[in-house]
Structure formats: C-alpha cells, structure tokens
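Engineer: Sharing a structure, written as structure tokens. Questions coming.
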Amino acid sequence: MKRVLREEILDYVTYGERRTELRADAMAAKGLRRANVGGVLTFLFENHETIRYQVHEMVRAERIVKESDIRHELDTYNELIGQGGDIGCTLLVELDDPLERAEKLVRWIDLPERLYARLADGRLVRAAIDERQRTEGKLSTVQYLKFPVGGAVPVAVGCDHPELRGETLLAQATQAALAGDLAGA
C-alpha cells in the first residue's frame, strides 16, 4: 500500500480551512474499513487515506510546523500501513468503565495474540503485534496490528481469547475496500 508522502501534508492553517471536506473523505474511508467484535473490539483497517487524515489531525491539534516533527508524525503513522501483502490495523479496546478497563487490560495482556483475520479458505491469520502498546504488565486500549494475509482479502475478523470470543463477518463493501487497498488502488 502507498505510504503518505510529505508533500501530501498541508500546513495546519490550510488543513483547518479544508478540514470539513477532507474529514468527510477520511470518515467515509474509515467507515468502510471498520469492524466490531463483541461490542468491545473495534478493528480499523488503515490505508493511505486514513493515515493521511491522522497525520493532518496531529499536525493541526499540536500546531506542528517544524519539518522534523512533521516527518516524525509521518514516519510514526506510516508504520501502520500494511506492506508486502499485509494489512495494517488499529485496534481499539472500548471499555467505558474505568475500573473494568483497568482490570481487563491487565487480564487481557495476551489479547493481541488471540486476534485473527479469517480468509475465504477458512485459514486464520494471527495478528502481528507492536509490543510498544503493551507496557507495565498491561495492554494499551489502542493496539497497532498487522495481519500478514499475503495479499488475500479477509472475510472476517475475530478473537478467541477465553474471556472475549467472537467473530464478525466483514461486509462486502469492507472486503472490496480492502481488496482495493491490497491491490494498491
């Protein structure tokens, strides 16, 4: 998948002027690439459009103007874009109650290893995880994953953790969007 280039990032003032239209495009892209499992796990498959939006939002929110800081944001977020037939994904662990969240993030420390994408032939592809999101004996509520699907389009995502089992079939529109991403469209 195509990474976001520096010349695609607007300064925060210009982005602010165009934010409404650019945000609408990004939200449409995100909507096509989102799936929820068990009401708790939201998978957001990343692509060029979603990452460009994220970088723009960071530059805007933090009013970043220094070139090296903009490039740092690009390097950081471009890591989330799948390469070589992989699909990059941001996982949100959504637990509203702070006490429940604190308890489960410790108990679910092995959650990333229990996540998978199911391919059309029935194979489960386990998530490759970013260990930086697991610190001090607990899981972060945001996980950055890669699914090494070898260019195949997943038909479902799921979790087989003993405390959180579930699988969600991906909508045809989601599968089509992922197929386009994998094809480099």
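Residues are referred to by chain and number: the chain letter is A, B, ... according to the order shown in the structure tokens, the number counts from 1 in that chain, and ligands are numbered separately from 1 in the order shown.
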Using the chain letters and numbers from this document, which residues of stretch 37-182 of chain A does DSSP assign to helix (DSSP H, G or I), as a PyMOL selection string?

Structural biologist: chain A and resi 48-62+67-78+98-107+111-114+131-133+172-182

Engineer: Residues of chain A in strand (DSSP E) according to DSSP, as a ChimeraX atom specification?

Structural biologist: /A:34-37,41-45,87-93,115-119,124-126,128-129,134-135,138-139,142-147,154-161,164-169

Engineer: Write a file of the just-selected residues containing N, CA and C atoms, as a compact mmCIF listing (two decimals), in the first residue's frame.

Structural biologist:
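Below is the file out.txt, written as the result:
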# COMPACT_ATOMS: atom_id res chain seq x y z
N ARG A 34 -14.02 -0.49 9.01
CA ARG A 34 -14.23 -0.68 10.44
C ARG A 34 -15.09 -1.91 10.69
N ALA A 35 -14.70 -2.68 11.71
CA ALA A 35 -15.50 -3.85 12.13
C ALA A 35 -15.40 -3.97 13.64
N ASN A 36 -16.51 -4.35 14.27
CA ASN A 36 -16.54 -4.51 15.72
C ASN A 36 -16.77 -5.97 16.07
N VAL A 37 -16.06 -6.43 17.09
CA VAL A 37 -16.22 -7.80 17.59
C VAL A 37 -16.60 -7.71 19.06
N LEU A 41 -14.22 -4.71 20.83
CA LEU A 41 -13.04 -4.58 19.97
C LEU A 41 -13.43 -3.96 18.64
N THR A 42 -12.87 -2.80 18.34
CA THR A 42 -13.10 -2.18 17.04
C THR A 42 -11.81 -2.25 16.24
N PHE A 43 -11.89 -2.92 15.10
CA PHE A 43 -10.78 -3.05 14.17
C PHE A 43 -10.95 -1.95 13.12
N LEU A 44 -9.93 -1.14 12.93
CA LEU A 44 -9.94 -0.14 11.87
C LEU A 44 -8.75 -0.44 10.96
N PHE A 45 -9.05 -0.95 9.77
CA PHE A 45 -8.01 -1.26 8.80
C PHE A 45 -7.54 0.05 8.18
N ILE A 87 -1.99 -6.33 5.92
CA ILE A 87 -2.99 -5.30 6.18
C ILE A 87 -2.71 -4.73 7.56
N GLY A 88 -2.56 -3.40 7.63
CA GLY A 88 -2.36 -2.73 8.91
C GLY A 88 -3.69 -2.41 9.55
N CYS A 89 -3.69 -2.43 10.87
CA CYS A 89 -4.95 -2.26 11.59
C CYS A 89 -4.70 -1.57 12.93
N THR A 90 -5.57 -0.65 13.27
CA THR A 90 -5.59 -0.09 14.62
C THR A 90 -6.75 -0.77 15.33
N LEU A 91 -6.47 -1.32 16.50
CA LEU A 91 -7.49 -1.96 17.33
C LEU A 91 -7.78 -1.06 18.51
N LEU A 92 -9.06 -0.79 18.74
CA LEU A 92 -9.49 -0.02 19.90
C LEU A 92 -10.20 -0.96 20.85
N VAL A 93 -9.71 -1.03 22.08
CA VAL A 93 -10.37 -1.81 23.12
C VAL A 93 -11.28 -0.82 23.85
N LEU A 115 -6.11 -12.50 18.43
CA LEU A 115 -6.86 -11.84 17.36
C LEU A 115 -6.50 -12.46 16.03
N TYR A 116 -7.47 -12.50 15.14
CA TYR A 116 -7.21 -13.11 13.83
C TYR A 116 -8.07 -12.49 12.74
N ALA A 117 -7.61 -12.69 11.52
CA ALA A 117 -8.40 -12.41 10.32
C ALA A 117 -8.67 -13.78 9.68
N ARG A 118 -9.90 -14.03 9.30
CA ARG A 118 -10.25 -15.29 8.64
C ARG A 118 -10.28 -15.03 7.13
N LEU A 119 -9.60 -15.92 6.38
CA LEU A 119 -9.59 -15.81 4.93
C LEU A 119 -10.71 -16.65 4.34
N LEU A 124 -7.01 -19.05 9.50
CA LEU A 124 -6.92 -17.93 10.44
C LEU A 124 -5.51 -17.35 10.35
N VAL A 125 -5.44 -16.04 10.18
CA VAL A 125 -4.16 -15.34 10.14
C VAL A 125 -4.07 -14.52 11.42
N ARG A 126 -3.12 -14.87 12.27
CA ARG A 126 -2.95 -14.18 13.55
C ARG A 126 -2.31 -12.82 13.36
N ALA A 128 0.13 -9.79 13.93
CA ALA A 128 1.48 -9.46 14.40
C ALA A 128 1.31 -8.17 15.20
N ILE A 129 1.90 -8.14 16.38
CA ILE A 129 1.63 -7.03 17.29
C ILE A 129 2.83 -6.10 17.42
N ARG A 134 2.14 -2.54 24.84
CA ARG A 134 1.95 -3.43 25.99
C ARG A 134 3.07 -3.12 26.98
N THR A 135 2.73 -2.37 28.03
CA THR A 135 3.75 -1.94 28.99
C THR A 135 3.27 -2.13 30.41
N LYS A 138 0.37 -4.47 31.42
CA LYS A 138 -1.00 -4.28 30.95
C LYS A 138 -0.99 -3.89 29.47
N LEU A 139 -2.14 -4.05 28.90
CA LEU A 139 -2.37 -3.76 27.49
C LEU A 139 -2.82 -2.31 27.35
N VAL A 142 -5.27 1.04 22.82
CA VAL A 142 -5.04 1.16 21.38
C VAL A 142 -3.90 0.22 21.02
N GLN A 143 -4.16 -0.65 20.06
CA GLN A 143 -3.15 -1.61 19.59
C GLN A 143 -2.93 -1.41 18.10
N TYR A 144 -1.67 -1.51 17.69
CA TYR A 144 -1.33 -1.43 16.28
C TYR A 144 -0.94 -2.83 15.83
N LEU A 145 -1.66 -3.33 14.85
CA LEU A 145 -1.51 -4.71 14.40
C LEU A 145 -1.21 -4.76 12.91
N LYS A 146 -0.63 -5.87 12.51
CA LYS A 146 -0.50 -6.20 11.09
C LYS A 146 -1.02 -7.62 10.93
N PHE A 147 -1.79 -7.82 9.89
CA PHE A 147 -2.25 -9.16 9.54
C PHE A 147 -1.50 -9.57 8.28
N PRO A 154 -9.36 -10.62 3.81
CA PRO A 154 -10.08 -11.30 4.89
C PRO A 154 -11.59 -11.22 4.68
N VAL A 155 -12.29 -12.24 5.16
CA VAL A 155 -13.75 -12.24 5.11
C VAL A 155 -14.35 -12.02 6.49
N ALA A 156 -13.51 -12.12 7.54
CA ALA A 156 -13.97 -11.92 8.91
C ALA A 156 -12.78 -11.57 9.79
N VAL A 157 -13.08 -10.98 10.94
CA VAL A 157 -12.09 -10.77 11.99
C VAL A 157 -12.67 -11.33 13.28
N GLY A 158 -11.77 -11.77 14.17
CA GLY A 158 -12.29 -12.34 15.39
C GLY A 158 -11.27 -12.40 16.50
N CYS A 159 -11.74 -12.94 17.61
CA CYS A 159 -10.94 -13.07 18.82
C CYS A 159 -11.30 -14.39 19.48
N ASP A 160 -10.29 -15.15 19.87
CA ASP A 160 -10.57 -16.41 20.57
C ASP A 160 -9.97 -16.40 21.99
N HIS A 161 -9.90 -15.21 22.57
CA HIS A 161 -9.47 -15.09 23.97
C HIS A 161 -10.56 -15.73 24.84
N LEU A 164 -13.21 -13.32 25.80
CA LEU A 164 -13.79 -12.46 24.77
C LEU A 164 -13.75 -13.18 23.43
N ARG A 165 -14.69 -14.05 23.24
CA ARG A 165 -14.76 -14.81 22.00
C ARG A 165 -15.81 -14.20 21.07
N GLY A 166 -15.46 -14.12 19.81
CA GLY A 166 -16.41 -13.62 18.84
C GLY A 166 -15.76 -13.46 17.48
N GLU A 167 -16.60 -13.42 16.48
CA GLU A 167 -16.14 -13.22 15.11
C GLU A 167 -17.18 -12.39 14.39
N THR A 168 -16.70 -11.48 13.56
CA THR A 168 -17.58 -10.63 12.77
C THR A 168 -17.24 -10.79 11.30
N LEU A 169 -18.25 -11.11 10.50
CA LEU A 169 -18.06 -11.17 9.06
C LEU A 169 -17.89 -9.75 8.53

Engineer: So the first atom is atom CA of A:Val4 and the second is atom CA of A:Gly31; what is the distance between them in Å, to one decimal place?

Structural biologist: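 Here the two named atoms are 19.6 Å from each other.
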
Engineer: Rank nothing, just name the residue among A:Glu8, A:Ala179, A:Leu74, A:Val153 nearest to A:Gly122, using only C-alpha atoms.

Structural biologist: A:Val153

Engineer: Under the rule that only C-alpha atoms are counted, which of A:Glu136, A:Asp11, A:Glu21, A:Glu94 is the nearest residue to A:Val55?

Structural biologist: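 With only C-alpha atoms as the atom set, the closest residue is A:Asp11.
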
Engineer: Counting only C-alpha atoms, which residue out of A:Arg107, A:His56, A:Lys2, A:Arg23 sits closest to A:Gly82?

Structural biologist: A:Lys2

Engineer: What does the distance between atom CA of A:Arg6 and atom CA of A:Leu22 come to in Å, to one decimal place?

Structural biologist: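 Separation of atom CA of A:Arg6 and atom CA of A:Leu22: 16.6 Å.
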
Engineer: Write out as a PyMOL selection string which residues come within 10 Å of A:Arg60 when counting only C-alpha atoms, dropping same-chain ones fewer than 4 positions away.

Structural biologist: chain A and resi 10-16+19+54-56+64-65

Engineer: For the atom pair atom CA of A:Thr141 and atom CA of A:Leu105, what is the interatomic distance in Å to one decimal place?

Structural biologist: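 If I compute the distance from atom CA of A:Thr141 to atom CA of A:Leu105, I get 7.5 Å.
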
Engineer: Which residue, A:Ala127, A:Ala171, A:Leu5, A:Ala120, has the smallest gap to A:His48 when you use only C-alpha atoms?

Structural biologist: A:Leu5

Engineer: Using only C-alpha atoms, pick whichever of A:Arg101, A:Arg114, A:Arg52, A:Arg18 has the shortest atom-to-atom distance to A:Thr76.

Structural biologist: A:Arg52
